[in-house]
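Peer 1: The structure under discussion is supplied below as structure tokens; questions concerning it will follow.
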Number of protein chains: 2
Amino acid sequence: MKSFKIALAQFSPAIGNIDSNVQKMINLANDAKKQNADLVIFPELSMIGYPSEDLLLRPSLSKRTAQAFKQLSQVKDIVMVFGFVNLNDQGQRYNSAAVMKNGEILGIYNKQNLPNYGLFDEKRYFDTGNQYLVFEYLEHKFGVLICEDLWTASTVHQLALLNVDTVLVLNASPYEVGKPLHRIQTIQNLTQQLKLNVVYCNQVGGQDDIVFDGTSFVINAQGEMTYRAPSFQECLQVIDYDHEQKSYRSIEPAATLDTMAEIYQSLVMATRDYVQNSGFPGVLIGLSGGIDSALTLAIAVDALGADKVQALMMPYTYTAQISVEDASEQAKNLGVAFGIAEINPIVNSFMQTLYPFFGNSSTDTTEENLQARSRGTLLMGLSNKFGNLVLSTGNKSELAVGYCTLYGDMVGGFAVLKDIYKSIVFELAKYRNSISETPVIPERVITRPPSAELRPDQKDQDSLPAYDVLDAILYAYIEEDLSQDDIIAKGYDKATVERVIQLVDRNEYKRRQGAIGPRITSRAFGRERRYPIVNGWKPGI
Amino acid sequence: MKSFKIALAQFSPAIGNIDSNVQKMINLANDAKKQNADLVIFPELSMIGYPSEDLLLRPSLSKRTAQAFKQLSQVKDIVMVFGFVNLNDQGQRYNSAAVMKNGEILGIYNKQNLPNYGLFDEKRYFDTGNQYLVFEYLEHKFGVLICEDLWTASTVHQLALLNVDTVLVLNASPYEVGKPLHRIQTIQNLTQQLKLNVVYCNQVGGQDDIVFDGTSFVINAQGEMTYRAPSFQECLQVIDYDHEQKSYRSIEPAATLDTMAEIYQSLVMATRDYVQNSGFPGVLIGLSGGIDSALTLAIAVDALGADKVQALMMPYTYTAQISVEDASEQAKNLGVAFGIAEINPIVNSFMQTLYPFFGNSSTDTTEENLQARSRGTLLMGLSNKFGNLVLSTGNKSELAVGYCTLYGDMVGGFAVLKDIYKSIVFELAKYRNSISETPVIPERVITRPPSAELRPDQKDQDSLPAYDVLDAILYAYIEEDLSQDDIIAKGYDKATVERVIQLVDRNEYKRRQGAIGPRITSRAFGRERRYPIVNGWKPGI
């Protein structure tokens, strides 16, 4: 046996853009060679990016893939292990890894375990592989697995029986809070048991609502982590195998992030990637003086730079003066362009047009929604004129119970806080203030009782339970799948639980028309919680 | 062998509402008994309805199912063959059929072929069955299959080898144009070949965007259709088995529908079911004087009755007088409440508020969108105040290329024409006029060149290719999955094809925030065409 070097290429592919991904892979392979790497490993489906959804069904995919193999064959004197879609003449389609050297394909592995739950739909696209790939190189025995394979005990055990020294794992493993470290702990137990070295290379970057954190790692056969890549950024890291120690040499791991830092950085990356990869010159945010828009503004500035962010305050009769002051201070603290546009004339013109139809009906949320929709239309007007993307500012608690106005404050192309419960919004605001010398979000914004300011002296808690109670009930219902009876049995007020669950169920139609936003929990609204709109399920047991 | 009677219960389940579905099934079984039926067959998953999506993952489903079995066991002296979710102690979940008599379960069949393409996601929810169910009753040998099983040659052939006389097939087969007759033709060939009688019972009704046409049928072992149920309505039909002829006795089939009648009725049923099952008292439609809103209005009236439909015309400077006249005439012809609300003051107040921000920038689609959003907000104001659902009026051609305003004319809870290309909109309007004594859609509305009337003398064809060309390109790209090069090779103008495809790809974000609407093609926007929003795929090959 001899020593050798492996490069982990934790990169962010452009979904569907095979040409640009292949060019990036060639550059990374050449960089790895300059650092004397003998092998470079890329993430799952690195050639087309994950998840490419129905692009995987386009008829020309096989031709495009063949062209990409031709381009990759120009890379000399380094083994490349990369992900691609393997289409055969019988019309089967596999999620696969290729091992290539000097244009020669040394082996192909077809993924054996296809996740088809939560946000995953792999059985829609792929057939199931049924063979292992093991190859000898550098007097070392390598096995190849793809993502879900590593979490499937029977598959890993079978591979271990083939006397593999190192398993190369190609991944597109989406981020969830705490998952970067959780993956490592789980695999540490596994490698100890099976005496395998694991080299784990993960995709990084935001793709629509899905966030890939990267956080690639190496764990040796003793269960020791010898390397951990940073989260939420691309990196190319070369690791050394020491044949005497029969282990990979330790490299200082990237700093661990505490929970709020981890969530915050995930939102920053997701926002940056969505805006930049969609080709928008910048973003536009409606500030209310409240905490949701303040936090969204801070994230946008950290993602794109202050010069790419515009803020607009749109006060109405019920807007407190301190809201205008606080919004203005937020914008000033962060150095973004800030404007004020009173909406009274607009709301009045709507009212005057509608009064003849309303007759003697009493005031209700209709009038509140007119305010929200006047604001939404103003933001979209500025967006249409100057091309900036509107970021919407609603949080998960509001979206869950429908405490938001469709075509009003829900306007926008990307909802930064879509998967963030209100309780976490507060924590993230405090976290963001803690990392700069002077707070960017005025203290008053954090301590003031939340209000939509859509009627005189309104507080969110007039219509909703306190946010800590609301969020606990929502978490139990949405994330933990508990029933109404289960949640009441935990000690929550019966009427409150019933009302919250009814609101969640009834507001599916609203969420269905909302913007996408970064997923950071195991049960985000969107592609992984698929409920019918017309829904006759009765809460209860 | 002896003669016997089978009842086909083509019914519309309430998705997720097991109690109400079970009650309906009990009533249907008792009605069937009164008509001397020996057996009654219900559609696929009749107990919970199809598709119940993530309700299938709720932990209490097994308890609810057990309760439902208890209720169904009250039915005496008739065999019931119904669909349910079969959960076992090992956590497996099957899409299953039960055969029950006097509370005794005579057999259970687990579906063997789970569709997981197009709009189907069955592998997300179900495990795969691997055994056949054959039972003797009335000196006759019955086999049971569920939907996709019947379209899987190997499965049907295996069942035929078990010497089955009649296959009972439980279905939730979604409607597509032409599919009601296409199913029958396909199965006629099959039964001839395999010498099987097929009794096919399909779900009927609209569920969110999915339309089930029903059109249940019976085909005998000679390949003759002996019964065909009506489309788009519930029915309970008893059929006789004649033991001497060894065949089911012929019953006059329901009248066949020509293509436009079929599509029109599908939209009427889908609209009725969405509105009624969501609990809305009625609907509200913004009329423009154009053909899309005119057709939507006619469908709404046919679905709900004129007293449940309100229409509002919202003219602006660029609205032609004939548009107001035509809208008024449509409303009058159909007998619906009609109002006019000028939007000039509203648009002006938006303009005045935005001018200081716009500076010297020239007029563009921003100003057009303000008109559309003023209208959308007015409709939502009336909807919020009085509770009627807004129906949006955009068609598939517009949605495909983004010729529509998000939060403007896209406002609404149900988009009746979402899957209808503009060319078909014209045909449907003519069809609707042909079935009443006097035309309900003024002739001028059909013959006038389409215009959004968002700027002076605007015509749709200023910005878009002629609709017949546009629709042909869209059909080739969306429905047929042809590439840009393929479509150009068919003889279409290169620049036009490139532009149309770019518009389709770029406007995914808009469609993602649009209302759901009835699916009538094999590639509707929505759950069966899943494209990423940030999409780097380059058109070409």
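Following the order of the structure tokens, first chain is A, next is B, and so on, with residues numbered from 1 inside each chain and ligands from 1 in the order they appear.
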Name the residues in contact with region 284-294 of chain A at a cut-off of 6 Å, using only C-alpha atoms, excluding same-chain residues fewer than 6 positions from it; report them as a PyMOL selection string.
Peer 2: chain A and resi 309-313+323+326-327+388-391+393+445
Peer 1: Store the residues picked out above, limited to N, CA and C atoms, as a compact mmCIF listing (two decimals), in the first residue's frame.
Peer 2:
# COMPACT_ATOMS: atom_id res chain seq x y z
N VAL A 309 -29.72 46.25 -2.32
CA VAL A 309 -30.95 46.12 -1.56
C VAL A 309 -31.65 47.48 -1.44
N GLN A 310 -32.95 47.49 -1.74
CA GLN A 310 -33.77 48.70 -1.63
C GLN A 310 -34.85 48.42 -0.60
N ALA A 311 -35.18 49.42 0.23
CA ALA A 311 -36.24 49.22 1.22
C ALA A 311 -37.30 50.30 1.06
N LEU A 312 -38.54 49.91 1.27
CA LEU A 312 -39.64 50.87 1.14
C LEU A 312 -40.58 50.71 2.33
N MET A 313 -40.84 51.83 2.98
CA MET A 313 -41.82 51.87 4.08
C MET A 313 -43.10 52.46 3.51
N SER A 323 -42.92 52.98 14.22
CA SER A 323 -42.67 52.00 13.16
C SER A 323 -41.88 52.64 12.03
N ASP A 326 -38.37 53.22 13.28
CA ASP A 326 -37.58 51.97 13.37
C ASP A 326 -37.20 51.45 11.99
N ALA A 327 -38.13 51.55 11.04
CA ALA A 327 -37.81 51.11 9.68
C ALA A 327 -36.68 51.94 9.11
N ASN A 388 -35.69 44.75 -9.71
CA ASN A 388 -35.34 44.07 -8.46
C ASN A 388 -36.41 43.06 -8.05
N LEU A 389 -35.96 41.97 -7.46
CA LEU A 389 -36.89 40.95 -6.96
C LEU A 389 -37.48 41.39 -5.63
N VAL A 390 -38.80 41.25 -5.47
CA VAL A 390 -39.39 41.52 -4.16
C VAL A 390 -39.18 40.30 -3.26
N LEU A 391 -38.59 40.54 -2.09
CA LEU A 391 -38.51 39.48 -1.08
C LEU A 391 -39.72 39.61 -0.18
N THR A 393 -41.78 38.72 3.36
CA THR A 393 -41.20 38.74 4.70
C THR A 393 -41.96 37.89 5.72
N VAL A 445 -37.57 47.05 18.16
CA VAL A 445 -38.25 46.18 17.18
C VAL A 445 -38.37 44.76 17.73
Peer 1: From a backbone DSSP assignment, name each residue in region 215-277 of chain A labelled alpha helix (DSSP H), as a CSV table (one decimal) with N, CA, C and O atoms, in the first residue's frame.
Peer 2:
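Done, and the output landed in part.csv:
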chain,number,residue,atom,x,y,z
A,259,THR,N,-26.6,26.9,16.6
A,259,THR,CA,-27.8,26.7,15.8
A,259,THR,C,-28.2,28.0,15.1
A,259,THR,O,-28.6,27.9,13.9
A,260,MET,N,-28.2,29.1,15.8
A,260,MET,CA,-28.7,30.3,15.1
A,260,MET,C,-27.7,30.8,14.0
A,260,MET,O,-28.2,31.2,12.9
A,261,ALA,N,-26.4,30.6,14.2
A,261,ALA,CA,-25.5,30.9,13.1
A,261,ALA,C,-25.7,30.0,11.9
A,261,ALA,O,-25.7,30.5,10.8
A,262,GLU,N,-26.0,28.8,12.2
A,262,GLU,CA,-26.2,27.8,11.1
A,262,GLU,C,-27.4,28.2,10.3
A,262,GLU,O,-27.4,28.3,9.1
A,263,ILE,N,-28.5,28.5,11.0
A,263,ILE,CA,-29.8,28.8,10.3
A,263,ILE,C,-29.6,30.1,9.5
A,263,ILE,O,-29.9,30.2,8.4
A,264,TYR,N,-29.0,31.1,10.2
A,264,TYR,CA,-28.8,32.4,9.6
A,264,TYR,C,-28.0,32.3,8.3
A,264,TYR,O,-28.4,32.8,7.2
A,265,GLN,N,-26.9,31.5,8.4
A,265,GLN,CA,-26.0,31.4,7.2
A,265,GLN,C,-26.8,30.6,6.1
A,265,GLN,O,-26.6,30.9,4.9
A,266,SER,N,-27.6,29.7,6.5
A,266,SER,CA,-28.4,28.9,5.5
A,266,SER,C,-29.3,29.9,4.7
A,266,SER,O,-29.4,29.8,3.5
A,267,LEU,N,-29.9,30.8,5.4
A,267,LEU,CA,-30.8,31.8,4.8
A,267,LEU,C,-30.1,32.7,3.9
A,267,LEU,O,-30.6,33.1,2.8
A,268,VAL,N,-28.9,33.1,4.3
A,268,VAL,CA,-28.1,34.1,3.6
A,268,VAL,C,-27.7,33.4,2.2
A,268,VAL,O,-27.9,34.0,1.1
A,269,MET,N,-27.2,32.2,2.3
A,269,MET,CA,-26.8,31.5,1.1
A,269,MET,C,-28.0,31.2,0.1
A,269,MET,O,-27.9,31.5,-1.1
A,270,ALA,N,-29.1,30.8,0.7
A,270,ALA,CA,-30.3,30.5,-0.1
A,270,ALA,C,-30.7,31.7,-0.8
A,270,ALA,O,-31.1,31.7,-2.0
A,271,THR,N,-30.7,32.9,-0.1
A,271,THR,CA,-31.2,34.1,-0.7
A,271,THR,C,-30.2,34.6,-1.8
A,271,THR,O,-30.7,34.9,-2.9
A,272,ARG,N,-29.0,34.5,-1.5
A,272,ARG,CA,-28.0,34.9,-2.5
A,272,ARG,C,-28.1,34.0,-3.8
A,272,ARG,O,-28.2,34.5,-4.9
A,273,ASP,N,-28.2,32.7,-3.6
A,273,ASP,CA,-28.2,31.9,-4.8
A,273,ASP,C,-29.5,32.0,-5.6
A,273,ASP,O,-29.4,32.0,-6.8
A,274,TYR,N,-30.6,32.2,-4.9
A,274,TYR,CA,-31.8,32.4,-5.6
A,274,TYR,C,-31.8,33.7,-6.5
A,274,TYR,O,-32.1,33.7,-7.7
A,275,VAL,N,-31.4,34.8,-5.8
A,275,VAL,CA,-31.4,36.1,-6.5
A,275,VAL,C,-30.4,36.1,-7.7
A,275,VAL,O,-30.7,36.4,-8.8
A,276,GLN,N,-29.2,35.6,-7.4
A,276,GLN,CA,-28.1,35.7,-8.4
A,276,GLN,C,-28.4,34.7,-9.5
A,276,GLN,O,-28.2,35.0,-10.7
A,277,ASN,N,-28.8,33.5,-9.2
A,277,ASN,CA,-29.0,32.5,-10.2
A,277,ASN,C,-30.2,32.7,-11.1
A,277,ASN,O,-30.4,32.2,-12.1
Peer 1: For a quick test of understanding: name the residues of chain A lying within 7 Å of chain B when counting only C-alpha atoms, and present them as a PyMOL selection string.
Peer 2: chain A and resi 14-17+52-55+58+60+116-117+123-124+207-208+277-278+341+345-346+349-350+353+366+370+373+377+381+384-385+407+481+513-515+529-538+541
Peer 1: Could you please take those selected residues and save C-alpha atoms as a short mmCIF file (atom, residue, chain, number, x, y, z; two decimals), in the first residue's frame?
Peer 2:
data_model
loop_
_atom_site.label_atom_id
_atom_site.label_comp_id
_atom_site.auth_asym_id
_atom_site.auth_seq_id
_atom_site.Cartn_x
_atom_site.Cartn_y
_atom_site.Cartn_z
CA ALA A 14 -26.19 25.15 -11.88
CA ILE A 15 -29.33 23.04 -12.12
CA GLY A 16 -29.81 21.74 -15.64
CA ASN A 17 -26.77 23.55 -17.04
CA SER A 52 -33.29 18.74 -11.70
CA GLU A 53 -36.88 17.49 -11.52
CA ASP A 54 -38.58 16.97 -14.89
CA LEU A 55 -35.50 18.15 -16.79
CA ARG A 58 -36.12 15.66 -21.44
CA SER A 60 -32.05 14.97 -25.26
CA ASN A 116 -39.22 8.90 -2.37
CA TYR A 117 -40.52 10.62 0.74
CA LYS A 123 -38.72 6.92 -7.91
CA ARG A 124 -40.44 9.29 -10.30
CA GLN A 207 -31.75 25.58 -5.45
CA ASP A 208 -35.23 27.10 -5.34
CA ASN A 277 -28.99 32.45 -10.22
CA SER A 278 -32.29 33.97 -11.34
CA ALA A 341 -44.63 55.99 0.25
CA PRO A 345 -54.62 57.97 -1.22
CA ILE A 346 -54.50 54.52 -2.75
CA SER A 349 -59.47 55.27 -3.89
CA PHE A 350 -60.13 51.56 -3.40
CA THR A 353 -64.73 52.49 -5.60
CA THR A 366 -61.53 43.30 3.87
CA LEU A 370 -56.81 46.52 0.97
CA ARG A 373 -52.63 44.73 -1.30
CA THR A 377 -48.91 46.45 -5.73
CA GLY A 381 -44.62 48.37 -9.48
CA ASN A 384 -41.43 45.77 -12.61
CA LYS A 385 -39.89 49.16 -13.33
CA TYR A 407 -51.51 39.29 -3.12
CA ASP A 481 -47.69 14.77 12.95
CA GLN A 513 -50.04 30.61 -4.02
CA GLY A 514 -47.19 31.88 -1.87
CA ALA A 515 -43.58 32.35 -2.91
CA ARG A 529 -45.98 18.62 2.89
CA ARG A 530 -48.51 17.74 0.22
CA TYR A 531 -52.00 18.29 1.48
CA PRO A 532 -55.12 18.60 -0.63
CA ILE A 533 -56.78 22.04 -0.70
CA VAL A 534 -60.27 20.57 -0.61
CA ASN A 535 -59.77 18.42 2.45
CA GLY A 536 -62.49 16.61 4.37
CA TRP A 537 -60.21 15.07 7.02
CA LYS A 538 -61.74 15.78 10.44
CA ILE A 541 -57.76 11.35 16.81
#
Peer 1: Excluding same-chain residues fewer than 6 positions from Gln192 (chain A), what lies within 9 Å of it counting only C-alpha atoms, as an MDAnalysis selection string?
Peer 2: chainID A and resid 220:224
Peer 1: Could the residues of region 205-264 of chain A that have an atom at most 10 Å from region 26-47 of chain A be listed as a Markdown table, each with its closest atom pair and the distance in Å to one decimal, counting only C-alpha atoms and ordered by chain and ascending residue number?
Peer 2:
| residue | atom | partner | partner_atom | distance |
| --- | --- | --- | --- | --- |
| A:Gly214 | CA | A:Pro43 | CA | 9.3 |
| A:Ser216 | CA | A:Pro43 | CA | 9.5 |
| A:Cys235 | CA | A:Leu28 | CA | 9.6 |
| A:Leu236 | CA | A:Leu28 | CA | 7.4 |
| A:Gln237 | CA | A:Ala32 | CA | 8.2 |
| A:Val238 | CA | A:Ala37 | CA | 6.6 |
| A:Ile239 | CA | A:Ala37 | CA | 8.3 |
| A:Asp240 | CA | A:Ala37 | CA | 8.7 |
Peer 1: If DSSP is run on the backbone, what residues of region 33-172 of chain B are strand (DSSP E or B)? A reply as a PyMOL selection string would be ideal.
Peer 2: chain B and resi 39-41+79-87+93-101+104-110+134-137+140-146+166-171
Peer 1: With C-alpha atoms retained, could you export that selection as a compact mmCIF listing (two decimals), in the first residue's frame?
Peer 2:
# COMPACT_ATOMS: atom_id res chain seq x y z
CA LEU B 39 -72.42 -7.54 -5.28
CA VAL B 40 -71.55 -3.86 -5.33
CA ILE B 41 -68.23 -2.49 -6.54
CA VAL B 79 -70.93 -8.49 -1.19
CA MET B 80 -69.09 -5.15 -1.14
CA VAL B 81 -65.85 -4.67 -3.02
CA PHE B 82 -64.31 -1.38 -1.95
CA GLY B 83 -60.99 0.44 -1.79
CA PHE B 84 -59.13 1.27 1.42
CA VAL B 85 -55.66 1.86 2.82
CA ASN B 86 -54.31 -1.39 4.24
CA LEU B 87 -51.81 -0.73 7.04
CA ARG B 93 -49.15 0.66 3.68
CA TYR B 94 -51.02 -0.72 0.65
CA ASN B 95 -53.51 0.67 -1.82
CA SER B 96 -56.01 -2.15 -1.36
CA ALA B 97 -59.40 -3.62 -2.11
CA ALA B 98 -61.49 -5.58 0.39
CA VAL B 99 -64.22 -8.07 -0.40
CA MET B 100 -66.71 -8.05 2.47
CA LYS B 101 -69.98 -9.82 3.16
CA GLU B 104 -66.78 -10.83 7.14
CA ILE B 105 -63.72 -10.05 5.07
CA LEU B 106 -63.60 -12.62 2.29
CA GLY B 107 -60.37 -11.34 0.83
CA ILE B 108 -57.97 -8.43 0.54
CA TYR B 109 -56.01 -7.42 -2.53
CA ASN B 110 -52.97 -5.12 -2.45
CA VAL B 134 -59.47 -14.63 -6.72
CA PHE B 135 -62.75 -15.61 -5.06
CA GLU B 136 -65.67 -17.83 -5.94
CA TYR B 137 -69.16 -16.44 -5.45
CA HIS B 140 -68.54 -17.56 -10.67
CA LYS B 141 -64.82 -16.89 -10.35
CA PHE B 142 -63.95 -13.27 -9.67
CA GLY B 143 -60.55 -11.60 -9.71
CA VAL B 144 -59.77 -8.14 -8.35
CA LEU B 145 -57.41 -5.53 -9.80
CA ILE B 146 -56.84 -1.87 -9.02
CA THR B 166 -64.85 -11.68 -14.35
CA VAL B 167 -62.25 -9.15 -13.27
CA LEU B 168 -63.57 -6.47 -10.92
CA VAL B 169 -61.46 -3.34 -11.38
CA LEU B 170 -61.52 -0.48 -8.87
CA ASN B 171 -60.30 2.79 -10.39
Peer 1: As a list in words, please: the residues near Ile187 (chain B) (cut-off 10 Å, only C-alpha atoms, same-chain neighbours under 6 positions excluded).
Peer 2: Leu150, Trp151, Gln193, Val198, Tyr200, Val218, Ile219, Asn220, Gly223, Glu224 and Met225 of chain B
Peer 1: Tell me, in Å to one decimal, how far CA of Ala452 (chain A) is from CA of Ile424 (chain A).
Peer 2: 18.2 Å
Peer 1: Would you list the contacts of region 460-468 of chain A as a PyMOL selection string, taking every protein, DNA or RNA residue within 7 Å and counting only C-alpha atoms, but skipping same-chain residues closer than 4 positions in sequence?
Peer 2: chain A and resi 422-423+450-452+472
Peer 1: What gap, in Å, lies between CA of Ile478 (chain B) and CA of Val425 (chain B)?
Peer 2: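 Result for CA of Ile478 (chain B) versus CA of Val425 (chain B): 18.0 Å, one decimal.
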Peer 1: Kindly give the distance, in Å, that separates CA of Asp89 (chain A) and CA of Glu148 (chain B), rounded to a single decimal.
Peer 2: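 About the pair CA of Asp89 (chain A) and CA of Glu148 (chain B): they are 24.7 Å apart.
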Peer 1: Using only C-alpha atoms, which residues sit within 7 Å of Ser173 (chain A) once same-chain residues fewer than 5 positions away are excluded, as a ChimeraX atom specification?
Peer 2: /A:147,202,212
Peer 1: Keeping N, CA, C and O atoms for every residue in the selection just given, could you write it to a file as a PDB file, in the first residue's frame?
Peer 2:
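Listed below is the output, again.pdb:
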ATOM      1  N   CYS A 147     -25.451   8.834  -1.588  1.00  0.00           N
ATOM      2  CA  CYS A 147     -26.376   9.445  -0.614  1.00  0.00           C
ATOM      3  C   CYS A 147     -27.210   8.420   0.177  1.00  0.00           C
ATOM      4  O   CYS A 147     -26.691   7.775   1.074  1.00  0.00           O
ATOM      5  N   ASN A 202     -20.549  16.411  -0.395  1.00  0.00           N
ATOM      6  CA  ASN A 202     -21.934  16.887  -0.510  1.00  0.00           C
ATOM      7  C   ASN A 202     -22.041  18.108  -1.409  1.00  0.00           C
ATOM      8  O   ASN A 202     -21.130  18.937  -1.465  1.00  0.00           O
ATOM      9  N   PHE A 212     -28.598  23.208   0.232  1.00  0.00           N
ATOM     10  CA  PHE A 212     -27.580  22.176   0.465  1.00  0.00           C
ATOM     11  C   PHE A 212     -26.446  22.823   1.237  1.00  0.00           C
ATOM     12  O   PHE A 212     -25.887  23.827   0.797  1.00  0.00           O
TER      13      PHE A 212
END
